[in-house]
Each structure stands twice: as C-alpha cells, then as structure tokens.
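File shown: run01.txt (compact mmCIF, C-alpha atoms).
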# COMPACT_ATOMS: atom_id res chain seq x y z
CA MET U 1 -14.30 6.78 -2.18
CA ASP U 2 -13.77 3.98 -4.67
CA THR U 3 -11.21 1.31 -4.01
CA ILE U 4 -8.21 2.26 -6.10
CA ASP U 5 -5.36 -0.19 -6.47
CA ILE U 6 -1.97 1.04 -7.62
CA ARG U 7 0.12 -1.54 -9.45
CA PRO U 8 3.50 -1.27 -11.15
CA ALA U 9 3.55 -1.93 -14.87
CA THR U 10 5.15 -5.06 -16.22
CA GLU U 11 6.53 -5.78 -19.66
CA LYS U 12 3.20 -7.29 -20.73
CA ASP U 13 1.60 -3.88 -20.07
CA VAL U 14 3.52 -2.15 -22.88
CA PRO U 15 0.46 -1.99 -25.20
CA LEU U 16 -1.56 -0.48 -22.34
CA ILE U 17 1.16 2.09 -21.62
CA LEU U 18 1.17 3.15 -25.27
CA ASN U 19 -2.63 3.38 -25.21
CA PHE U 20 -2.49 5.74 -22.23
CA ILE U 21 0.22 7.83 -23.93
CA ARG U 22 -1.98 8.17 -27.01
CA HIS U 23 -5.00 9.18 -24.92
CA LEU U 24 -2.94 11.81 -23.10
CA ALA U 25 -1.57 13.14 -26.39
CA ALA U 26 -5.09 13.40 -27.82
CA TYR U 27 -6.26 15.26 -24.70
CA GLU U 28 -3.33 17.68 -25.02
CA LYS U 29 -3.96 18.04 -28.78
CA LEU U 30 -0.50 16.61 -29.45
CA SER U 31 -1.28 13.25 -31.09
CA HIS U 32 0.88 14.23 -34.06
CA GLU U 33 3.94 14.23 -31.76
CA VAL U 34 3.64 10.62 -30.58
CA VAL U 35 6.32 8.51 -32.24
CA ALA U 36 6.67 5.98 -29.40
CA THR U 37 6.04 2.37 -30.36
CA GLU U 38 5.57 -0.79 -28.35
CA GLU U 39 9.11 -1.76 -29.32
CA THR U 40 10.70 1.48 -28.11
CA LEU U 41 8.70 1.40 -24.87
CA LYS U 42 9.67 -2.22 -24.24
CA GLU U 43 13.34 -1.38 -24.76
CA THR U 44 13.39 1.83 -22.70
CA LEU U 45 11.07 0.81 -19.86
CA PHE U 46 11.95 -2.88 -19.48
CA GLY U 47 15.26 -3.35 -21.28
CA LYS U 48 18.84 -3.40 -20.02
CA HIS U 49 18.61 0.27 -18.95
CA ARG U 50 15.24 1.16 -17.44
CA TYR U 51 14.88 4.87 -18.05
CA ALA U 52 11.46 5.30 -16.44
CA GLU U 53 8.84 3.47 -14.44
CA VAL U 54 5.07 3.24 -14.75
CA VAL U 55 2.27 2.64 -12.29
CA PHE U 56 -1.39 2.10 -13.06
CA ALA U 57 -4.43 2.90 -10.99
CA TYR U 58 -7.12 0.23 -11.23
CA ALA U 59 -10.73 1.04 -10.38
CA ARG U 60 -14.23 -0.24 -11.11
CA ARG U 61 -16.66 1.56 -13.41
CA THR U 62 -19.54 0.24 -11.33
CA GLU U 63 -19.81 -1.56 -8.03
CA LYS U 64 -20.24 -4.90 -9.79
CA SER U 65 -17.69 -4.52 -12.58
CA GLU U 66 -14.14 -5.81 -12.56
CA PRO U 67 -11.27 -3.39 -11.83
CA GLU U 68 -9.73 -1.93 -14.96
CA PRO U 69 -6.85 0.44 -15.72
CA ALA U 70 -8.25 3.89 -14.96
CA GLY U 71 -5.08 5.98 -14.72
CA MET U 72 -1.37 5.89 -15.37
CA ALA U 73 1.70 7.72 -14.12
CA LEU U 74 5.07 7.50 -15.88
CA TYR U 75 8.01 8.85 -13.88
CA PHE U 76 11.78 8.76 -13.51
CA PHE U 77 14.43 9.97 -11.13
CA ASN U 78 16.69 12.93 -11.71
CA PHE U 79 19.15 14.72 -9.42
CA SER U 80 19.22 18.17 -7.83
CA THR U 81 22.70 19.54 -7.30
CA PHE U 82 21.32 22.31 -5.08
CA VAL U 83 19.50 19.86 -2.80
CA GLY U 84 22.16 17.16 -3.16
CA ARG U 85 19.48 14.51 -3.50
CA PRO U 86 17.54 12.69 -6.18
CA GLY U 87 14.22 14.01 -7.36
CA LEU U 88 11.19 12.26 -8.75
CA TYR U 89 10.02 13.67 -12.08
CA LEU U 90 6.51 12.89 -13.25
CA GLU U 91 6.55 12.76 -17.04
CA ASP U 92 2.93 11.79 -17.64
CA LEU U 93 -0.22 11.53 -15.55
CA TYR U 94 -3.45 10.54 -17.22
CA VAL U 95 -6.84 9.41 -15.94
CA HIS U 96 -9.44 8.18 -18.40
CA GLU U 97 -12.35 10.57 -18.67
CA ALA U 98 -14.88 8.04 -17.33
CA PHE U 99 -12.88 7.85 -14.08
CA ARG U 100 -12.13 11.53 -13.49
CA GLY U 101 -13.37 13.17 -10.32
CA ARG U 102 -13.04 9.98 -8.29
CA GLY U 103 -9.69 10.62 -6.62
CA ILE U 104 -7.61 8.53 -9.01
CA GLY U 105 -5.21 11.31 -10.04
CA LYS U 106 -4.75 12.27 -6.40
CA ARG U 107 -4.10 8.65 -5.46
CA LEU U 108 -1.44 8.31 -8.15
CA LEU U 109 0.23 11.53 -6.99
CA THR U 110 0.17 10.58 -3.31
CA GLN U 111 1.62 7.17 -4.18
CA LEU U 112 4.49 8.85 -6.05
CA ALA U 113 5.00 11.37 -3.26
CA ALA U 114 5.34 8.49 -0.79
CA LEU U 115 7.82 6.81 -3.14
CA ALA U 116 9.80 10.06 -3.36
CA LYS U 117 9.96 10.22 0.44
CA GLU U 118 10.92 6.53 0.68
CA ARG U 119 13.79 7.06 -1.78
CA LYS U 120 14.90 10.24 0.03
CA CYS U 121 14.08 12.56 -2.85
CA GLY U 122 14.31 16.27 -2.20
CA ARG U 123 11.74 17.15 -4.89
CA PHE U 124 8.76 15.85 -6.81
CA GLU U 125 8.27 17.85 -10.00
CA TRP U 126 6.33 17.91 -13.25
CA VAL U 127 5.18 20.31 -15.92
CA VAL U 128 1.67 21.00 -17.12
CA ILE U 129 0.65 22.49 -20.44
CA ASP U 130 -0.24 26.15 -19.91
CA TRP U 131 -3.87 25.99 -21.08
CA ASN U 132 -4.78 23.05 -18.82
CA GLU U 133 -6.40 25.13 -16.09
CA PRO U 134 -8.31 22.24 -14.43
CA SER U 135 -5.07 20.31 -13.89
CA ARG U 136 -3.22 23.40 -12.70
CA LYS U 137 -5.91 24.11 -10.11
CA PHE U 138 -5.91 20.46 -9.03
CA TYR U 139 -2.12 20.42 -8.54
CA GLU U 140 -2.19 23.68 -6.62
CA SER U 141 -4.96 22.31 -4.36
CA LEU U 142 -2.48 19.58 -3.36
CA GLY U 143 0.20 22.10 -2.44
CA ALA U 144 2.17 22.17 -5.70
CA GLU U 145 3.51 25.58 -6.69
CA PRO U 146 4.20 26.79 -10.22
CA HIS U 147 7.76 27.98 -10.86
CA LYS U 148 7.20 30.52 -13.58
CA GLU U 149 10.75 31.86 -13.37
CA TRP U 150 12.08 28.71 -15.07
CA ILE U 151 11.86 28.24 -18.83
CA ILE U 152 12.08 24.75 -20.30
CA TYR U 153 14.53 24.33 -23.16
CA ARG U 154 14.45 21.37 -25.48
CA VAL U 155 16.67 20.10 -28.24
CA ASP U 156 15.24 17.29 -30.37
CA GLY U 157 15.10 15.98 -33.90
CA LYS U 158 17.46 17.71 -36.32
CA ALA U 159 18.56 20.20 -33.68
CA LEU U 160 19.70 17.31 -31.47
CA ASP U 161 21.56 15.76 -34.39
CA ASN U 162 23.27 19.09 -35.09
CA LEU U 163 24.23 19.71 -31.48
CA ALA U 164 25.66 16.21 -31.10
CA ALA U 165 27.73 16.71 -34.27
CA MET U 166 29.34 19.97 -33.13
Would you mind giving the structure from this file in structure tokens?
Amino acid sequence: MDTIDIRPATEKDVPLILNFIRHLAAYEKLSHEVVATEETLKETLFGKHRYAEVVFAYARRTEKSEPEPAGMALYFFNFSTFVGRPGLYLEDLYVHEAFRGRGIGKRLLTQLAALAKERKCGRFEWVVIDWNEPSRKFYESLGAEPHKEWIIYRVDGKALDNLAAM
C-alpha cells in the first residue's frame, strides 16, 4: 500500500478545500449548487466559530513524485440525545480520480473513526447520494449500514428565510 499521510487543514489550505468541494460537486452532478467561496470557508472553518474541520490525505502519484493532496474529508461534531454522546458527522469525502483504489478513502475514514473514538463519540455518520453505488458498496464493506427508515429534511434559501420570519 502507498504511504498515505493525513494532515489537518490550515487556513492557507482554503483554496485547496474549495477545489475539493468543486470536484466533489462535479462528480455528484451538483456543481450548480456550490455557492461557497474562499471567504465564507475561511470565516466558517477558521474564524471565531469553527463549524467544521478538514483533513487531507497526501499521497504520491508515482514512487518518485512528491506527495500531493489526494483526498479530503470535511466533518463536524453533532450530538445524539439517545446515546447521550457527541457524534462525528462526515459532510464530504472526496478522493481525486487518479488516486482512487489505493486505500485513500479508507484511510480517511479510519482516521475519522479513530478520532470519533478518541473524542468518545457514540456514532460516526454520513449520507451518500442514492445513485452512487460504488461508494455505497465501499461503505458497507467497512461495516457501515444504511438507515433507510430516516428521511432527511432540509430548509434553505427562501424557505429558511420564511421559517425564520414566522
């Protein structure tokens, strides 16, 4: 297996984070939904209130090349009232196509699972777009189970404005 180094993102990595977000959005056919900017990411990831954290996986394309960012995971902590403990929620996981199949996604997930255990989390959760069968099979091979009985609700844009004004 390749040497894969996991490193936390720093404020100087904001352009790289946005680049990964855009690649993920293109893969999921959702580029039109990306409104994040370097400024908003800097504020929300490295500002007064850090709402999420990011780690990168660095790997080499070839044996002689320098390590480069091959994958990214963006996550945050939530809380389960039923478990009475925090949970780790994986918002985004993306591995560049040239690096897929080399254990990078698994390494990012195992790193986050270890972090969840270290911080006494009762859960490690994420969602996957329904048509992404390769990712679903990969997650299930690691022991993740789909929870089809739960439906995600979202309020954003104008609907969020309206709800807040009620």
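Comparing the minimum interatomic distances between U:Glu28 and each of U:Ser65, U:Asn132, U:Thr110, U:Asn78, counting all atoms listed in the file, we find that U:Asn132 sits nearest.
The closest residue to U:Glu63, picked from U:Gly87, U:His96, U:Val155, U:Thr3 and counting only C-alpha atoms, is U:Thr3.
From atom CA of U:Tyr94 back to atom CA of U:Leu24, the distance works out to 6.0 Å.
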Checklist entry - Quick one: distance from atom CA of U:Phe56 to atom CA of U:Lys106 in Å, one decimal? => result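 We find that atom CA of U:Phe56 and atom CA of U:Lys106 lie 12.6 Å from each other.
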Next on the checklist: Env of stretch 97-100 of chain U: 8 Å cut, atoms = all atoms listed in the file, seq-sep filter 4 positions within chain, self excluded. Answer as an MDAnalysis selection string.
Outcome noted: chainID U and resid 61 70 104:105
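Atom CA of U:Thr81 lies 28.8 Å from atom CA of U:Glu43.
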Checklist entry - Contacts of stretch 112-118 of chain U at 9 Å or less, counting all atoms listed in the file, minus same-chain residues fewer than 5 places along, as JSON, numbers by chain? => result {"U": [73, 75, 86, 87, 88, 90, 107, 123, 124]}
Item to check | Best match for closeness to U:Ser80 among U:Val55, U:Leu109, U:Glu68, U:Lys120, counting all atoms listed in the file | outcome: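 For U:Ser80, the nearest of the candidates is U:Lys120.
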Next on the checklist: Neighbouring residues of U:Trp131 were defined as those with any atom within 12 Å, considering only C-alpha atoms; residues of the same chain fewer than 5 positions away were excluded. Please report them as JSON, numbers by chain.
Outcome noted: {"U": [27, 28, 29, 136, 137]}
Item to check | Residue with smallest distance to U:Gly84 - pool U:Ile6, U:Ile129, U:Ile151, U:Cys121, counting only C-alpha atoms | outcome: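 Answer, going by the shortest atom-to-atom distance: U:Cys121.
Among the candidates U:Glu125, U:Glu91, U:Asp130, U:Glu33, the one nearest to U:Ala52 when counting all atoms listed in the file is U:Glu91.
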Item to check | U:Leu16 environment, 12 Å, only C-alpha atoms, sequence neighbours closer than 6 positions dropped, as a PyMOL selection string | outcome: chain U and resi 9-10+22-23+37-38+41-42+54-56+68-72
Output, as AutoDock Vina command-line options, the centre and edge lengths in Å (one decimal) of the axis-aligned box that contains all listed atoms of stretch 162-166 of chain U with 3 Å of margin on each side.
--center_x 26.3 --center_y 18.1 --center_z -33.1 --size_x 12.1 --size_y 9.8 --size_z 10.0
